[in-house]
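Have a look at structure37.pdb; it's PDB, C-alpha atoms, pLDDT in the B column:
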MODEL        1
ATOM      1  CA  MET A 264       0.000   0.000   0.000  1.00 54.00           C
ATOM      2  CA  THR A 265       2.783   2.422   0.772  1.00 55.00           C
ATOM      3  CA  ASP A 266       4.356   1.687  -2.608  1.00 55.00           C
ATOM      4  CA  ASN A 267       1.290   3.013  -4.419  1.00 57.00           C
ATOM      5  CA  ILE A 268       1.259   6.179  -2.310  1.00 55.00           C
ATOM      6  CA  ASP A 269       4.949   6.797  -3.009  1.00 51.00           C
ATOM      7  CA  LYS A 270       4.404   6.374  -6.758  1.00 55.00           C
ATOM      8  CA  LYS A 271       1.504   8.836  -6.737  1.00 54.00           C
ATOM      9  CA  GLU A 272       3.595  11.412  -4.858  1.00 54.00           C
ATOM     10  CA  ASN A 273       6.458  11.009  -7.315  1.00 55.00           C
ATOM     11  CA  ASN A 274       4.111  11.399 -10.282  1.00 55.00           C
ATOM     12  CA  ASN A 275       2.651  14.572  -8.812  1.00 54.00           C
ATOM     13  CA  LYS A 276       6.122  16.034  -8.338  1.00 55.00           C
ATOM     14  CA  HIS A 277       6.879  15.616 -12.016  1.00 53.00           C
ATOM     15  CA  VAL A 278       3.625  17.180 -13.155  1.00 51.00           C
ATOM     16  CA  THR A 279       3.886  20.286 -10.989  1.00 55.00           C
ATOM     17  CA  ASP A 280       7.281  21.231 -12.425  1.00 50.00           C
ATOM     18  CA  THR A 281       6.041  22.644 -15.739  1.00 56.00           C
ATOM     19  CA  THR A 282       7.444  26.129 -16.051  1.00 58.00           C
ATOM     20  CA  VAL A 283       7.661  27.927 -19.354  1.00 53.00           C
ATOM     21  CA  ILE A 284      10.754  30.005 -19.967  1.00 53.00           C
ATOM     22  CA  GLN A 285       9.787  33.311 -21.524  1.00 56.00           C
ATOM     23  CA  PRO A 286      12.292  35.492 -23.368  1.00 58.00           C
ATOM     24  CA  HIS A 287      12.877  38.620 -21.357  1.00 64.00           C
ATOM     25  CA  GLY A 288      14.090  42.077 -22.148  1.00 68.00           C
ATOM     26  CA  THR A 289      12.871  44.851 -24.320  1.00 78.00           C
ATOM     27  CA  PRO A 290      13.667  45.378 -28.005  1.00 84.00           C
ATOM     28  CA  THR A 291      15.039  48.845 -27.285  1.00 87.00           C
ATOM     29  CA  LEU A 292      18.571  48.166 -28.517  1.00 89.00           C
ATOM     30  CA  ALA A 293      17.259  46.699 -31.766  1.00 89.00           C
ATOM     31  CA  TRP A 294      15.217  49.842 -32.396  1.00 91.00           C
ATOM     32  CA  ILE A 295      18.175  52.075 -31.503  1.00 93.00           C
ATOM     33  CA  SER A 296      20.295  50.060 -33.922  1.00 93.00           C
ATOM     34  CA  LEU A 297      17.790  50.588 -36.720  1.00 93.00           C
ATOM     35  CA  ILE A 298      17.503  54.321 -36.041  1.00 95.00           C
ATOM     36  CA  LEU A 299      21.283  54.725 -35.986  1.00 95.00           C
ATOM     37  CA  ALA A 300      21.612  52.774 -39.246  1.00 94.00           C
ATOM     38  CA  LEU A 301      19.055  55.026 -40.927  1.00 94.00           C
ATOM     39  CA  LEU A 302      20.783  58.117 -39.563  1.00 95.00           C
ATOM     40  CA  ALA A 303      24.110  56.804 -40.840  1.00 94.00           C
ATOM     41  CA  TRP A 304      22.737  56.352 -44.348  1.00 93.00           C
ATOM     42  CA  ALA A 305      21.052  59.775 -44.223  1.00 94.00           C
ATOM     43  CA  SER A 306      24.191  61.469 -42.930  1.00 93.00           C
ATOM     44  CA  LEU A 307      25.940  60.687 -46.204  1.00 89.00           C
ATOM     45  CA  PHE A 308      23.817  63.430 -47.802  1.00 89.00           C
ATOM     46  CA  TRP A 309      24.630  66.181 -45.313  1.00 90.00           C
ATOM     47  CA  PHE A 310      27.961  65.308 -43.671  1.00 88.00           C
ATOM     48  CA  ASN A 311      31.187  63.605 -44.625  1.00 84.00           C
ATOM     49  CA  GLY A 312      31.856  59.878 -44.568  1.00 86.00           C
ATOM     50  CA  TYR A 313      33.436  59.917 -41.130  1.00 90.00           C
ATOM     51  CA  VAL A 314      30.157  60.806 -39.435  1.00 93.00           C
ATOM     52  CA  ALA A 315      28.384  58.045 -41.348  1.00 93.00           C
ATOM     53  CA  LEU A 316      31.127  55.602 -40.431  1.00 93.00           C
ATOM     54  CA  VAL A 317      30.868  56.395 -36.713  1.00 94.00           C
ATOM     55  CA  LEU A 318      27.074  56.130 -36.744  1.00 95.00           C
ATOM     56  CA  ALA A 319      27.204  52.836 -38.635  1.00 95.00           C
ATOM     57  CA  ILE A 320      29.672  51.332 -36.182  1.00 95.00           C
ATOM     58  CA  ALA A 321      27.526  52.494 -33.253  1.00 96.00           C
ATOM     59  CA  SER A 322      24.493  50.971 -34.953  1.00 95.00           C
ATOM     60  CA  ALA A 323      26.247  47.629 -35.379  1.00 94.00           C
ATOM     61  CA  ALA A 324      27.356  47.655 -31.741  1.00 94.00           C
ATOM     62  CA  CYS A 325      23.804  48.315 -30.535  1.00 93.00           C
ATOM     63  CA  GLY A 326      22.510  45.607 -32.836  1.00 91.00           C
ATOM     64  CA  PHE A 327      24.976  43.051 -31.498  1.00 92.00           C
ATOM     65  CA  ALA A 328      24.023  43.993 -27.953  1.00 89.00           C
ATOM     66  CA  GLY A 329      20.324  43.648 -28.807  1.00 86.00           C
ATOM     67  CA  ILE A 330      20.514  40.090 -30.148  1.00 86.00           C
ATOM     68  CA  PRO A 331      20.775  37.800 -27.092  1.00 81.00           C
ATOM     69  CA  ARG A 332      17.787  36.583 -25.073  1.00 67.00           C
ATOM     70  CA  ARG A 333      15.145  38.099 -27.320  1.00 69.00           C
ATOM     71  CA  THR A 334      12.322  36.727 -29.388  1.00 82.00           C
ATOM     72  CA  ALA A 335      13.064  35.487 -32.882  1.00 84.00           C
ATOM     73  CA  SER A 336      11.405  38.430 -34.600  1.00 85.00           C
ATOM     74  CA  VAL A 337      13.390  41.012 -32.620  1.00 86.00           C
ATOM     75  CA  ARG A 338      16.565  39.016 -33.233  1.00 88.00           C
ATOM     76  CA  ARG A 339      15.923  39.071 -36.993  1.00 88.00           C
ATOM     77  CA  PHE A 340      15.151  42.783 -36.793  1.00 88.00           C
ATOM     78  CA  ALA A 341      18.467  43.467 -35.049  1.00 89.00           C
ATOM     79  CA  ILE A 342      20.357  41.324 -37.567  1.00 91.00           C
ATOM     80  CA  THR A 343      18.804  43.300 -40.426  1.00 92.00           C
ATOM     81  CA  ALA A 344      19.935  46.571 -38.836  1.00 92.00           C
ATOM     82  CA  ILE A 345      23.420  45.100 -38.353  1.00 93.00           C
ATOM     83  CA  ILE A 346      23.606  44.108 -42.019  1.00 95.00           C
ATOM     84  CA  ALA A 347      22.548  47.602 -43.145  1.00 94.00           C
ATOM     85  CA  ALA A 348      25.149  49.186 -40.869  1.00 94.00           C
ATOM     86  CA  MET A 349      27.944  46.833 -41.886  1.00 95.00           C
ATOM     87  CA  VAL A 350      27.293  47.339 -45.601  1.00 95.00           C
ATOM     88  CA  LEU A 351      27.602  51.065 -45.094  1.00 94.00           C
ATOM     89  CA  THR A 352      30.734  50.567 -42.992  1.00 93.00           C
ATOM     90  CA  VAL A 353      32.433  48.454 -45.655  1.00 94.00           C
ATOM     91  CA  VAL A 354      31.522  50.783 -48.498  1.00 92.00           C
ATOM     92  CA  VAL A 355      32.495  54.023 -46.754  1.00 91.00           C
ATOM     93  CA  ALA A 356      35.670  52.562 -45.231  1.00 90.00           C
ATOM     94  CA  SER A 357      36.845  51.162 -48.558  1.00 91.00           C
ATOM     95  CA  TYR A 358      36.103  54.489 -50.263  1.00 89.00           C
ATOM     96  CA  LEU A 359      38.018  56.426 -47.632  1.00 86.00           C
ATOM     97  CA  ILE A 360      40.949  54.029 -47.812  1.00 86.00           C
ATOM     98  CA  VAL A 361      41.120  54.293 -51.599  1.00 88.00           C
ATOM     99  CA  ILE A 362      40.933  58.089 -51.505  1.00 85.00           C
ATOM    100  CA  LYS A 363      43.398  58.548 -48.632  1.00 81.00           C
ATOM    101  CA  ILE A 364      45.919  55.850 -49.547  1.00 80.00           C
ATOM    102  CA  GLY A 365      45.443  55.482 -53.292  1.00 79.00           C
ATOM    103  CA  LEU A 366      45.717  59.165 -54.153  1.00 76.00           C
ATOM    104  CA  THR A 367      48.593  60.107 -51.870  1.00 70.00           C
TER     105      THR A 367
ENDMDL
END
Since I need it in another form, could you write the structure as structure tokens?
Amino acid sequence: MTDNIDKKENNNKHVTDTTVIQPHGTPTLAWISLILALLAWASLFWFNGYVALVLAIASAACGFAGIPRRTASVRRFAITAIIAAMVLTVVVASYLIVIKIGLT
């Protein structure tokens, strides 16, 4: 008789331990990354390439900081902002290197 009671108690212990792990945190850094990437692209019209380069690097840094422990949609959003910032970084940096090193 005690064996049946012990089995029921063990079964109840397993059932009560059903916790769902929710992703936590806010998508603030992903949004900041997107805004900085857009500002970096827009700054090419009004400022020189150095300002765009700094904004793009800051955007990529915020995007990398916004990736962990988030939902999949926010993670994809941050990765998209990182890609936009890194494309701008590569293009502007290569242009500046060619102009500064190639023409001197």
One number please: CA of Ala344 in chain A to CA of Trp294 in chain A, in Å, one decimal.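 Taking CA of Ala344 in chain A as the start and CA of Trp294 in chain A as the end point, the length is 8.6 Å.
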Applying the PyMOL selection byres ((chain A and resi 299-304) around 7) to the file I just gave you, which residues come out? Please list them as JSON, numbers by chain. {"A": [295, 296, 297, 298, 305, 306, 307, 315, 318, 319, 322, 344, 347, 348]}
Keeping only C-alpha atoms, take the residues you just selected and write them out as a PDB file, in the coordinates of the input.
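The resulting selection.pdb:
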ATOM      1  CA  ILE A 295      18.175  52.075 -31.503  1.00 93.00           C
ATOM      2  CA  SER A 296      20.295  50.060 -33.922  1.00 93.00           C
ATOM      3  CA  LEU A 297      17.790  50.588 -36.720  1.00 93.00           C
ATOM      4  CA  ILE A 298      17.503  54.321 -36.041  1.00 95.00           C
ATOM      5  CA  ALA A 305      21.052  59.775 -44.223  1.00 94.00           C
ATOM      6  CA  SER A 306      24.191  61.469 -42.930  1.00 93.00           C
ATOM      7  CA  LEU A 307      25.940  60.687 -46.204  1.00 89.00           C
ATOM      8  CA  ALA A 315      28.384  58.045 -41.348  1.00 93.00           C
ATOM      9  CA  LEU A 318      27.074  56.130 -36.744  1.00 95.00           C
ATOM     10  CA  ALA A 319      27.204  52.836 -38.635  1.00 95.00           C
ATOM     11  CA  SER A 322      24.493  50.971 -34.953  1.00 95.00           C
ATOM     12  CA  ALA A 344      19.935  46.571 -38.836  1.00 92.00           C
ATOM     13  CA  ALA A 347      22.548  47.602 -43.145  1.00 94.00           C
ATOM     14  CA  ALA A 348      25.149  49.186 -40.869  1.00 94.00           C
TER      15      ALA A 348
END
For the PyMOL selection byres ((chain A and resi 338) around 12), applied here, can you spell out every residue it catches as a ChimeraX atom specification? /A:286,288-294,296,326-337,339-345
Nearest to Ala323 in chain A, chosen from A:Asn311, A:Leu351, A:Tyr358, A:Leu366, with all atoms listed in the file counted in the distances: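 Nearest candidate to Ala323 in chain A out of A:Asn311, A:Leu351, A:Tyr358, A:Leu366: A:Leu351.
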Separation of CA of Gly312 in chain A and CA of Lys363 in chain A, in Å?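 Result for CA of Gly312 in chain A versus CA of Lys363 in chain A: 12.3 Å, one decimal.
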Which is closest to Tyr313 in chain A among A:Ile362, A:Thr367, A:Ala356, A:Ile346, if we use all atoms listed in the file?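 Among A:Ile362, A:Thr367, A:Ala356, A:Ile346, it is A:Ala356 that comes nearest to Tyr313 in chain A.
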Between CA of Ile364 in chain A and CA of Ile320 in chain A, what is the spacing in Å? 21.5 Å
Could you write out as lines of an AutoDock Vina configuration file the box around range 293-308 of chain A (axis-aligned, all atoms listed in the file, 5 Å on each side), with centre and edge lengths in Å to one decimal?
center_x = 20.6
center_y = 55.1
center_z = -39.7
size_x = 20.7
size_y = 26.7
size_z = 26.3
